[in-house]
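The block underneath contains the structure these notes are about, expressed in structure tokens.
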Amino acid sequence: NFCIIAHIDHGKSTLADRLLDVTGSVTEREKQDQLLDSMDLERERGITIKSHAIQMEYVYEGETYVLNLIDTPGHVDFTIEVERSLRVLDGAILVLCAVGGVQSQSITVDQQMKRYNVPGIAFVNKCDRSGANPDRVVEQLKEKLGHNAVAMQLPIGLEADFEGVIDLISMQAVYFEGDKGETVRHAEIPAEHMPAVQAAREHLIDQASMFSDDLTEAVLEEKKVSQDLIVAAVRRGVIERQLTPVYMGSAYKNKGIQPLLDAVTQFLPCPLDIANEALDMNNSEQPIVLSNDNDKPLVALAFKLEDGPYGQLTYIRVYQGSLTKGDTIVNVRTGKKVKVGRVIRMHADQMEDIDAIRAGYIGALFGIECASGDSFVAPGLSLTMTSMYVPEPVISLAIFPKDNKSETSLAKALGRFTKEDPTFKVSVNPETGDKRISGSFASLAGIPPGTNAASS
């Protein structure tokens with residue numbers, strides 16, 4: 001389970017589209033319809049507003065990996081979407097522009113990763129742009145974000161001459177050919193790059209050896225260092241959040257995507273690698289470590305709500321047990337029992353009915369009354385997941401119904417907004433008695449002063 005996070009315009013959605021292409025998870029029609037940025041406003045503005053969940057399958061070295069990806073917005077106004085995505089995910093790809101490097105929102109999303117202890121790998125995008133300098137971006141990762149950033153690749157050419165990358169683990173040059181870079185060709189490393197490659201590989205092995213006694217022993221005894229030793233050491237460093245592998249490429253030109261997907265399967269943790277904890281409502285002092293086991297009693301977290309044409313859609317992450325159609329589950333906050341109706345697997349804005357959501361997976365439910373951040377458990381349990389961090393509101397507006405008939409509609413609308421958006425707050429001005437809504441800019445977008453919010 002991982003997401004793509006970055007500063008705005010660093011290429012998150014383009015990268016997500018390319019990942020879907022490489023895994024064969026999207027049809028030609030879906031490509032034309034812009035599967036991920038499906039809202040009219042997103043297409044009009046050319047930005048991501050809502051986070052979108054999608055499931056992919058990727059075959060690496062004969063093993064099939066199920067990848068649950070969430071593409072997140074980059075604009076600061078929609079940062080709550082990143083916040084709640086990172087709350088339920090196990091890993092992340094931090095995308096950085098080879099020209100712009102670390103920007104303000106890069107710092108914000110990095111802080112959010114730290115808040116939830118989410119391990120990550122970095123991808124330096126846009127290496128084909130004029131002024132691209134991946135080495136400078138790696139240094140910024142160290143200096144500005146405090147990462148132990150280690151290049152896993154070196155570029156072959158830059159800007160208009162960007163052809164491919166040199167893999168420092170396999171010690172091969174990787175070229176991306178064809179109209180869309182879909183053909184991956186491995187070749188010997190060009191002789192002129194060997195001095196830089198040898199130095200970079202020594203640095204990689206030196207950093208990776210901090211997380212593996214076997215690798216350290218092989219280096220000290222001057223034995224041949226195998227790829228498996230390096231991969232195991234780097235994986236451990238990533239999961240411990242002590243090492244950030246850096247990959248390079250151009251999402252637009254479809255260069256560097258396949259090695260990045262390989263890195264996701266090699267280095268980012270699966271649910272079994274992460275210790276998730278819940279609090280016992282009867283003894284909140286001692287956290288309970290959850291088991292990623294389908295046969296254990298259910299513990300799940302509703303992390304996002306959407307009001308769609310068929311009613312409320314509740315995005316949910318199952319941490320323990322299995323959430324099956326027809327089950328009776330309990331909302332820990334309200335104590336109410338709920339029967340599970342439709343169980344959904346999300347494919348961006350498209351839905352597929354399934355029988356169950358297993359431990360470690362992300363899915364969605366229809367017809368469940370809850371608020372964002374509610375925990376659901378099997379009857380008899382009193383466990384609750386910790387809530388996500390919600391920033392303080394940055395803007396407030398007075399709001400009132402156009403007439404008395406609209407009072408009920410307004411109350412319903414405000415109640416729905418409050419459930420959907422954790423940043424949205426409703427209060428009463430003690431001096432004037434007017435209703436006041438507060439939240440992020442995004443949560444109040446499109447509600448100018450004087451608007452009849454009931455109809456909005």
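Just so we're on the same page: first chain in the structure tokens is A, next is B, and so on; residues restart at 1 for each chain, and ligands are numbered from 1 in the order they show up.
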Identify all residues of range 214-449 of chain A in strand (DSSP E) (DSSP on the backbone) and supply them as JSON, numbers by chain. {"A": [244, 245, 246, 247, 248, 277, 278, 279, 280, 283, 284, 285, 286, 287, 288, 289, 299, 300, 301, 302, 303, 304, 305, 306, 307, 308, 311, 312, 313, 314, 315, 316, 317, 318, 319, 320, 323, 324, 328, 329, 330, 331, 337, 338, 339, 343, 344, 345, 346, 347, 350, 351, 352, 353, 354, 356, 357, 362, 363, 364, 365, 366, 375, 376, 377, 383, 384, 395, 396, 397, 398, 399, 425, 426, 427, 428, 435, 436, 437, 438, 439]}
Contacts of range 168-251 of chain A with range 97-115 of chain A up to 10 Å, shortest pair per row, only C-alpha atoms, as a Markdown table:
```
| residue | atom | partner | partner_atom | distance |
| --- | --- | --- | --- | --- |
| A:Arg241 | CA | A:Lys114 | CA | 8.9 |
| A:Met248 | CA | A:Ala98 | CA | 8.6 |
| A:Gly249 | CA | A:Ala98 | CA | 9.0 |
| A:Ser250 | CA | A:Ala98 | CA | 9.3 |
```
Pick from A:Ala364, A:Leu397, A:Ile357, A:Cys370: nearest to Lys337 in chain A, with only C-alpha atoms counted?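 Of the candidates, the smallest distance to Lys337 in chain A is held by A:Cys370.
Using only C-alpha atoms, the contacts of range 318-330 of chain A at a cut-off of 6 Å, with sequence neighbours closer than 3 positions omitted, comprise Ser291, Asn292, Asp293, Asn294, Asp295, Lys296, Pro297, Leu298, Val299, Ala300, Lys336, Lys337, Val338, Lys339, Val340, Gly341, Asp355, Ala356, Ile357, Arg358, Ala359, Gly360, Tyr361, Phe376, Val377, Ala378 and Pro379 of chain A.
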Name the residues in contact with Lys253 in chain A at a cut-off of 10 Å, using only C-alpha atoms, excluding same-chain residues fewer than 3 positions from it; report them as JSON, numbers by chain. {"A": [14, 18, 126, 127, 128, 162, 176, 177, 179, 180, 181, 182, 249, 250, 256, 257]}
Could you please take those selected residues and save C-alpha atoms as an mmCIF file, in the first residue's frame?
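Saved the output as again_2.cif:
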```cif
data_model
loop_
_atom_site.group_PDB
_atom_site.id
_atom_site.type_symbol
_atom_site.label_atom_id
_atom_site.label_comp_id
_atom_site.auth_asym_id
_atom_site.auth_seq_id
_atom_site.Cartn_x
_atom_site.Cartn_y
_atom_site.Cartn_z
ATOM 1 C CA THR A 14 1.819 11.599 -14.818
ATOM 2 C CA ARG A 18 2.713 5.539 -16.304
ATOM 3 C CA LYS A 126 11.838 15.380 -15.354
ATOM 4 C CA CYS A 127 15.467 14.455 -16.023
ATOM 5 C CA ASP A 128 14.784 15.342 -19.674
ATOM 6 C CA PHE A 162 18.566 11.769 -21.442
ATOM 7 C CA PHE A 176 14.054 2.859 -22.617
ATOM 8 C CA GLU A 177 13.211 2.594 -26.284
ATOM 9 C CA ASP A 179 7.610 5.532 -28.981
ATOM 10 C CA LYS A 180 6.609 5.489 -25.330
ATOM 11 C CA GLY A 181 9.755 4.081 -23.733
ATOM 12 C CA GLU A 182 7.973 0.783 -23.228
ATOM 13 C CA GLY A 249 13.756 9.203 -14.862
ATOM 14 C CA SER A 250 11.142 11.046 -16.850
ATOM 15 C CA GLY A 256 12.758 4.919 -15.500
ATOM 16 C CA ILE A 257 9.254 3.645 -14.636
#
```
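When CA of Pro73 in chain A is paired with CA of Ile121 in chain A, their separation reads 18.1 Å.
The nearest approach to Val124 in chain A among the residues A:Tyr65, A:Tyr247, A:Tyr58, A:Phe211, with only C-alpha atoms taken into account, belongs to A:Tyr247.
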I'd like the interatomic distance between CA of Leu67 in chain A and CA of Gln258 in chain A, to a tenth of an Å. 14.0 Å
What separates CA of Val231 in chain A and CA of Ser85 in chain A is a distance of 27.0 Å
Within range 231-279 of chain A, find each residue whose DSSP state, derived from the backbone, is alpha helix (DSSP H), and express the selection as a PDB file with N, CA, C and O atoms, in the first residue's frame.
```pdb
ATOM      1  N   VAL A 231      20.184  -5.600  -1.779  1.00  0.00           N
ATOM      2  CA  VAL A 231      18.733  -5.382  -1.734  1.00  0.00           C
ATOM      3  C   VAL A 231      18.198  -5.590  -0.316  1.00  0.00           C
ATOM      4  O   VAL A 231      17.407  -4.781   0.195  1.00  0.00           O
ATOM      5  N   ALA A 232      18.626  -6.664   0.346  1.00  0.00           N
ATOM      6  CA  ALA A 232      18.152  -6.946   1.705  1.00  0.00           C
ATOM      7  C   ALA A 232      18.558  -5.835   2.670  1.00  0.00           C
ATOM      8  O   ALA A 232      17.767  -5.421   3.538  1.00  0.00           O
ATOM      9  N   ALA A 233      19.780  -5.334   2.523  1.00  0.00           N
ATOM     10  CA  ALA A 233      20.266  -4.272   3.411  1.00  0.00           C
ATOM     11  C   ALA A 233      19.513  -2.967   3.173  1.00  0.00           C
ATOM     12  O   ALA A 233      19.104  -2.284   4.125  1.00  0.00           O
ATOM     13  N   VAL A 234      19.325  -2.619   1.894  1.00  0.00           N
ATOM     14  CA  VAL A 234      18.610  -1.377   1.575  1.00  0.00           C
ATOM     15  C   VAL A 234      17.167  -1.464   2.050  1.00  0.00           C
ATOM     16  O   VAL A 234      16.619  -0.501   2.600  1.00  0.00           O
ATOM     17  N   ARG A 235      16.527  -2.620   1.856  1.00  0.00           N
ATOM     18  CA  ARG A 235      15.141  -2.792   2.307  1.00  0.00           C
ATOM     19  C   ARG A 235      15.023  -2.555   3.806  1.00  0.00           C
ATOM     20  O   ARG A 235      14.109  -1.873   4.273  1.00  0.00           O
ATOM     21  N   ARG A 236      15.961  -3.113   4.564  1.00  0.00           N
ATOM     22  CA  ARG A 236      15.918  -2.919   6.016  1.00  0.00           C
ATOM     23  C   ARG A 236      16.089  -1.440   6.370  1.00  0.00           C
ATOM     24  O   ARG A 236      15.402  -0.912   7.240  1.00  0.00           O
ATOM     25  N   GLY A 237      17.008  -0.763   5.684  1.00  0.00           N
ATOM     26  CA  GLY A 237      17.222   0.658   5.939  1.00  0.00           C
ATOM     27  C   GLY A 237      15.999   1.494   5.617  1.00  0.00           C
ATOM     28  O   GLY A 237      15.672   2.451   6.332  1.00  0.00           O
ATOM     29  N   VAL A 238      15.298   1.126   4.540  1.00  0.00           N
ATOM     30  CA  VAL A 238      14.085   1.866   4.152  1.00  0.00           C
ATOM     31  C   VAL A 238      12.990   1.667   5.186  1.00  0.00           C
ATOM     32  O   VAL A 238      12.352   2.628   5.634  1.00  0.00           O
ATOM     33  N   ILE A 239      12.742   0.409   5.586  1.00  0.00           N
ATOM     34  CA  ILE A 239      11.669   0.134   6.541  1.00  0.00           C
ATOM     35  C   ILE A 239      11.929   0.804   7.879  1.00  0.00           C
ATOM     36  O   ILE A 239      10.992   1.246   8.558  1.00  0.00           O
ATOM     37  N   ILE A 257      10.454   4.075 -15.363  1.00  0.00           N
ATOM     38  CA  ILE A 257       9.254   3.645 -14.636  1.00  0.00           C
ATOM     39  C   ILE A 257       9.373   2.197 -14.168  1.00  0.00           C
ATOM     40  O   ILE A 257       9.064   1.874 -13.022  1.00  0.00           O
ATOM     41  N   GLN A 258       9.835   1.308 -15.069  1.00  0.00           N
ATOM     42  CA  GLN A 258       9.945  -0.104 -14.682  1.00  0.00           C
ATOM     43  C   GLN A 258      10.918  -0.319 -13.517  1.00  0.00           C
ATOM     44  O   GLN A 258      10.585  -1.039 -12.568  1.00  0.00           O
ATOM     45  N   PRO A 259      12.117   0.301 -13.521  1.00  0.00           N
ATOM     46  CA  PRO A 259      12.995   0.150 -12.350  1.00  0.00           C
ATOM     47  C   PRO A 259      12.377   0.697 -11.068  1.00  0.00           C
ATOM     48  O   PRO A 259      12.618   0.159  -9.986  1.00  0.00           O
ATOM     49  N   LEU A 260      11.567   1.760 -11.185  1.00  0.00           N
ATOM     50  CA  LEU A 260      10.902   2.311  -9.998  1.00  0.00           C
ATOM     51  C   LEU A 260       9.884   1.317  -9.449  1.00  0.00           C
ATOM     52  O   LEU A 260       9.779   1.141  -8.223  1.00  0.00           O
ATOM     53  N   LEU A 261       9.142   0.664 -10.338  1.00  0.00           N
ATOM     54  CA  LEU A 261       8.187  -0.355  -9.887  1.00  0.00           C
ATOM     55  C   LEU A 261       8.919  -1.526  -9.228  1.00  0.00           C
ATOM     56  O   LEU A 261       8.459  -2.079  -8.216  1.00  0.00           O
ATOM     57  N   ASP A 262      10.070  -1.911  -9.799  1.00  0.00           N
ATOM     58  CA  ASP A 262      10.880  -2.957  -9.176  1.00  0.00           C
ATOM     59  C   ASP A 262      11.274  -2.544  -7.760  1.00  0.00           C
ATOM     60  O   ASP A 262      11.240  -3.356  -6.825  1.00  0.00           O
ATOM     61  N   ALA A 263      11.629  -1.270  -7.603  1.00  0.00           N
ATOM     62  CA  ALA A 263      12.042  -0.763  -6.290  1.00  0.00           C
ATOM     63  C   ALA A 263      10.889  -0.781  -5.298  1.00  0.00           C
ATOM     64  O   ALA A 263      11.086  -1.054  -4.104  1.00  0.00           O
ATOM     65  N   VAL A 264       9.671  -0.497  -5.763  1.00  0.00           N
ATOM     66  CA  VAL A 264       8.499  -0.550  -4.893  1.00  0.00           C
ATOM     67  C   VAL A 264       8.338  -1.950  -4.314  1.00  0.00           C
ATOM     68  O   VAL A 264       8.113  -2.131  -3.110  1.00  0.00           O
ATOM     69  N   THR A 265       8.478  -2.976  -5.173  1.00  0.00           N
ATOM     70  CA  THR A 265       8.315  -4.354  -4.701  1.00  0.00           C
ATOM     71  C   THR A 265       9.489  -4.796  -3.835  1.00  0.00           C
ATOM     72  O   THR A 265       9.322  -5.595  -2.911  1.00  0.00           O
ATOM     73  N   GLN A 266      10.690  -4.265  -4.118  1.00  0.00           N
ATOM     74  CA  GLN A 266      11.881  -4.678  -3.372  1.00  0.00           C
ATOM     75  C   GLN A 266      12.001  -4.009  -2.008  1.00  0.00           C
ATOM     76  O   GLN A 266      12.385  -4.638  -1.022  1.00  0.00           O
ATOM     77  N   PHE A 267      11.707  -2.700  -1.954  1.00  0.00           N
ATOM     78  CA  PHE A 267      12.096  -1.917  -0.783  1.00  0.00           C
ATOM     79  C   PHE A 267      10.942  -1.423   0.089  1.00  0.00           C
ATOM     80  O   PHE A 267      11.107  -1.307   1.298  1.00  0.00           O
TER      81      PHE A 267
END
```
Please identify every residue of range 357-388 of chain A that has at least one atom no farther than 10 Å from an atom of range 399-420 of chain A, counting only C-alpha atoms, and for each give the shortest atom pair and the distance in Å to one decimal, arranged by chain then increasing number, as JSON lines.
```
{"residue": "A:Glu369", "atom": "CA", "partner": "A:Lys419", "partner_atom": "CA", "distance": 9.5}
{"residue": "A:Cys370", "atom": "CA", "partner": "A:Lys419", "partner_atom": "CA", "distance": 7.4}
{"residue": "A:Ala371", "atom": "CA", "partner": "A:Lys419", "partner_atom": "CA", "distance": 4.7}
{"residue": "A:Ser372", "atom": "CA", "partner": "A:Lys419", "partner_atom": "CA", "distance": 5.9}
{"residue": "A:Gly373", "atom": "CA", "partner": "A:Lys419", "partner_atom": "CA", "distance": 9.3}
```
Requested write-out: C-alpha atoms of the selected residues, as a PDB file, in the first residue's frame:
```pdb
ATOM      1  CA  GLU A 369     -23.221   5.856   8.509  1.00  0.00           C
ATOM      2  CA  CYS A 370     -19.989   7.157  10.004  1.00  0.00           C
ATOM      3  CA  ALA A 371     -17.578  10.087  10.109  1.00  0.00           C
ATOM      4  CA  SER A 372     -14.080  10.333   8.692  1.00  0.00           C
ATOM      5  CA  GLY A 373     -11.663   8.718  11.154  1.00  0.00           C
TER       6      GLY A 373
END
```
Given only C-alpha atoms as the basis, pick out the residue of A:Leu204, A:Met388, A:Ala187, A:Val219 nearest to Pro422 in chain A.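 The closest residue to Pro422 in chain A is A:Met388.
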Residue neighbourhood Pro155 in chain A, 12 Å, only C-alpha atoms, exclusion window fewer than 2 positions, as a PDB file with N, CA and C atoms, in the first residue's frame:
```
ATOM      1  N   ALA A  98      13.683  17.339 -11.194  1.00  0.00           N
ATOM      2  CA  ALA A  98      15.138  17.408 -11.380  1.00  0.00           C
ATOM      3  C   ALA A  98      15.618  18.834 -11.543  1.00  0.00           C
ATOM      4  N   VAL A 124      13.457  11.174  -8.763  1.00  0.00           N
ATOM      5  CA  VAL A 124      13.792  12.470  -9.364  1.00  0.00           C
ATOM      6  C   VAL A 124      13.232  12.464 -10.785  1.00  0.00           C
ATOM      7  N   ASN A 125      12.157  13.192 -10.970  1.00  0.00           N
ATOM      8  CA  ASN A 125      11.436  13.218 -12.242  1.00  0.00           C
ATOM      9  C   ASN A 125      11.959  14.348 -13.141  1.00  0.00           C
ATOM     10  N   LYS A 126      11.552  14.323 -14.382  1.00  0.00           N
ATOM     11  CA  LYS A 126      11.838  15.380 -15.354  1.00  0.00           C
ATOM     12  C   LYS A 126      13.335  15.535 -15.631  1.00  0.00           C
ATOM     13  N   CYS A 127      14.044  14.398 -15.698  1.00  0.00           N
ATOM     14  CA  CYS A 127      15.467  14.455 -16.023  1.00  0.00           C
ATOM     15  C   CYS A 127      15.714  14.870 -17.474  1.00  0.00           C
ATOM     16  N   ASP A 128      14.653  14.923 -18.276  1.00  0.00           N
ATOM     17  CA  ASP A 128      14.784  15.342 -19.674  1.00  0.00           C
ATOM     18  C   ASP A 128      14.579  16.842 -19.855  1.00  0.00           C
ATOM     19  N   ALA A 132      18.061  20.182 -15.754  1.00  0.00           N
ATOM     20  CA  ALA A 132      17.948  19.035 -14.843  1.00  0.00           C
ATOM     21  C   ALA A 132      19.289  18.748 -14.181  1.00  0.00           C
ATOM     22  N   ASN A 133      19.248  18.523 -12.867  1.00  0.00           N
ATOM     23  CA  ASN A 133      20.466  18.238 -12.104  1.00  0.00           C
ATOM     24  C   ASN A 133      20.124  17.299 -10.938  1.00  0.00           C
ATOM     25  N   PRO A 134      20.046  15.988 -11.196  1.00  0.00           N
ATOM     26  CA  PRO A 134      19.672  15.040 -10.139  1.00  0.00           C
ATOM     27  C   PRO A 134      20.623  15.044  -8.944  1.00  0.00           C
ATOM     28  N   ASP A 135      21.921  15.281  -9.189  1.00  0.00           N
ATOM     29  CA  ASP A 135      22.880  15.308  -8.075  1.00  0.00           C
ATOM     30  C   ASP A 135      22.524  16.399  -7.069  1.00  0.00           C
ATOM     31  N   ALA A 151      21.782   7.534  -4.050  1.00  0.00           N
ATOM     32  CA  ALA A 151      21.413   7.300  -5.447  1.00  0.00           C
ATOM     33  C   ALA A 151      21.546   5.818  -5.780  1.00  0.00           C
ATOM     34  N   MET A 152      20.474   5.248  -6.328  1.00  0.00           N
ATOM     35  CA  MET A 152      20.496   3.858  -6.771  1.00  0.00           C
ATOM     36  C   MET A 152      20.805   3.766  -8.261  1.00  0.00           C
ATOM     37  N   GLN A 153      20.782   4.914  -8.913  1.00  0.00           N
ATOM     38  CA  GLN A 153      21.015   4.985 -10.351  1.00  0.00           C
ATOM     39  C   GLN A 153      21.818   6.233 -10.664  1.00  0.00           C
ATOM     40  N   GLY A 157      23.180  10.669 -19.753  1.00  0.00           N
ATOM     41  CA  GLY A 157      22.773  11.915 -20.398  1.00  0.00           C
ATOM     42  C   GLY A 157      21.739  12.643 -19.558  1.00  0.00           C
ATOM     43  N   LEU A 158      21.554  13.917 -19.847  1.00  0.00           N
ATOM     44  CA  LEU A 158      20.553  14.725 -19.158  1.00  0.00           C
ATOM     45  C   LEU A 158      19.916  15.683 -20.156  1.00  0.00           C
ATOM     46  N   GLU A 159      18.834  16.302 -19.720  1.00  0.00           N
ATOM     47  CA  GLU A 159      18.090  17.248 -20.552  1.00  0.00           C
ATOM     48  C   GLU A 159      17.648  16.535 -21.845  1.00  0.00           C
ATOM     49  N   ASP A 161      19.344  15.012 -23.965  1.00  0.00           N
ATOM     50  CA  ASP A 161      20.153  13.819 -24.243  1.00  0.00           C
ATOM     51  C   ASP A 161      19.883  12.677 -23.263  1.00  0.00           C
ATOM     52  N   PHE A 162      18.857  12.808 -22.434  1.00  0.00           N
ATOM     53  CA  PHE A 162      18.566  11.769 -21.442  1.00  0.00           C
ATOM     54  C   PHE A 162      18.098  10.497 -22.144  1.00  0.00           C
ATOM     55  N   GLU A 163      18.880   9.434 -22.015  1.00  0.00           N
ATOM     56  CA  GLU A 163      18.584   8.174 -22.710  1.00  0.00           C
ATOM     57  C   GLU A 163      18.124   7.067 -21.775  1.00  0.00           C
ATOM     58  N   GLY A 164      18.686   7.038 -20.572  1.00  0.00           N
ATOM     59  CA  GLY A 164      18.372   5.943 -19.658  1.00  0.00           C
ATOM     60  C   GLY A 164      19.116   6.126 -18.359  1.00  0.00           C
ATOM     61  N   VAL A 165      19.273   5.029 -17.627  1.00  0.00           N
ATOM     62  CA  VAL A 165      19.930   5.095 -16.323  1.00  0.00           C
ATOM     63  C   VAL A 165      20.906   3.931 -16.181  1.00  0.00           C
ATOM     64  N   ILE A 166      21.842   4.078 -15.254  1.00  0.00           N
ATOM     65  CA  ILE A 166      22.765   2.996 -14.908  1.00  0.00           C
ATOM     66  C   ILE A 166      22.368   2.473 -13.540  1.00  0.00           C
ATOM     67  N   ASP A 167      22.019   1.200 -13.465  1.00  0.00           N
ATOM     68  CA  ASP A 167      21.600   0.563 -12.215  1.00  0.00           C
ATOM     69  C   ASP A 167      22.845   0.187 -11.414  1.00  0.00           C
ATOM     70  N   LEU A 168      22.966   0.764 -10.221  1.00  0.00           N
ATOM     71  CA  LEU A 168      24.161   0.545  -9.415  1.00  0.00           C
ATOM     72  C   LEU A 168      24.139  -0.786  -8.675  1.00  0.00           C
ATOM     73  N   GLN A 172      24.348  -2.460 -14.650  1.00  0.00           N
ATOM     74  CA  GLN A 172      23.965  -2.499 -16.052  1.00  0.00           C
ATOM     75  C   GLN A 172      23.410  -1.144 -16.467  1.00  0.00           C
ATOM     76  N   ALA A 173      23.581  -0.838 -17.740  1.00  0.00           N
ATOM     77  CA  ALA A 173      22.926   0.341 -18.306  1.00  0.00           C
ATOM     78  C   ALA A 173      21.535  -0.081 -18.767  1.00  0.00           C
ATOM     79  N   VAL A 174      20.533   0.757 -18.466  1.00  0.00           N
ATOM     80  CA  VAL A 174      19.143   0.448 -18.811  1.00  0.00           C
ATOM     81  C   VAL A 174      18.631   1.551 -19.738  1.00  0.00           C
ATOM     82  N   TYR A 175      18.247   1.158 -20.947  1.00  0.00           N
ATOM     83  CA  TYR A 175      17.727   2.115 -21.931  1.00  0.00           C
ATOM     84  C   TYR A 175      16.235   1.861 -22.148  1.00  0.00           C
ATOM     85  N   ILE A 189      27.680  -0.994 -19.282  1.00  0.00           N
ATOM     86  CA  ILE A 189      27.833   0.420 -18.912  1.00  0.00           C
ATOM     87  C   ILE A 189      28.862   1.067 -19.831  1.00  0.00           C
ATOM     88  N   PRO A 190      28.536   2.220 -20.425  1.00  0.00           N
ATOM     89  CA  PRO A 190      29.517   2.908 -21.281  1.00  0.00           C
ATOM     90  C   PRO A 190      30.797   3.205 -20.495  1.00  0.00           C
ATOM     91  N   HIS A 193      31.445   6.320 -18.291  1.00  0.00           N
ATOM     92  CA  HIS A 193      30.693   6.491 -17.040  1.00  0.00           C
ATOM     93  C   HIS A 193      31.272   5.662 -15.894  1.00  0.00           C
ATOM     94  N   ALA A 196      32.608   7.309 -12.391  1.00  0.00           N
ATOM     95  CA  ALA A 196      31.519   7.826 -11.558  1.00  0.00           C
ATOM     96  C   ALA A 196      30.668   6.692 -11.007  1.00  0.00           C
ATOM     97  N   VAL A 197      30.452   5.664 -11.811  1.00  0.00           N
ATOM     98  CA  VAL A 197      29.633   4.521 -11.387  1.00  0.00           C
ATOM     99  C   VAL A 197      30.310   3.774 -10.240  1.00  0.00           C
ATOM    100  N   ALA A 200      29.960   5.813  -7.060  1.00  0.00           N
ATOM    101  CA  ALA A 200      28.584   5.820  -6.558  1.00  0.00           C
ATOM    102  C   ALA A 200      28.205   4.472  -5.963  1.00  0.00           C
ATOM    103  N   VAL A 246      17.224   6.672  -4.054  1.00  0.00           N
ATOM    104  CA  VAL A 246      16.812   7.699  -5.019  1.00  0.00           C
ATOM    105  C   VAL A 246      16.882   7.119  -6.433  1.00  0.00           C
ATOM    106  N   TYR A 247      15.754   7.174  -7.129  1.00  0.00           N
ATOM    107  CA  TYR A 247      15.668   6.713  -8.518  1.00  0.00           C
ATOM    108  C   TYR A 247      15.462   7.917  -9.429  1.00  0.00           C
ATOM    109  N   MET A 248      15.721   7.737 -10.708  1.00  0.00           N
ATOM    110  CA  MET A 248      15.714   8.856 -11.650  1.00  0.00           C
ATOM    111  C   MET A 248      14.982   8.470 -12.925  1.00  0.00           C
ATOM    112  N   GLY A 249      14.429   9.486 -13.599  1.00  0.00           N
ATOM    113  CA  GLY A 249      13.756   9.203 -14.862  1.00  0.00           C
ATOM    114  C   GLY A 249      12.931  10.363 -15.352  1.00  0.00           C
ATOM    115  N   SER A 250      12.067  10.069 -16.285  1.00  0.00           N
ATOM    116  CA  SER A 250      11.142  11.046 -16.850  1.00  0.00           C
ATOM    117  C   SER A 250       9.799  10.360 -17.037  1.00  0.00           C
ATOM    118  N   LYS A 255      10.430   6.972 -19.038  1.00  0.00           N
ATOM    119  CA  LYS A 255      11.784   6.464 -18.821  1.00  0.00           C
ATOM    120  C   LYS A 255      12.040   6.342 -17.314  1.00  0.00           C
ATOM    121  N   GLY A 256      12.461   5.152 -16.909  1.00  0.00           N
ATOM    122  CA  GLY A 256      12.758   4.919 -15.500  1.00  0.00           C
ATOM    123  C   GLY A 256      11.584   4.384 -14.695  1.00  0.00           C
TER     124      GLY A 256
END
```
Please provide as a list in words all residues within 7 Å of Ala278 in chain A, with the sequence filter that same-chain residues fewer than 6 positions apart are discarded (counting only C-alpha atoms). Pro287, Ile288, Val289, Leu290, Leu383, Thr384, Met385 and Thr386 of chain A
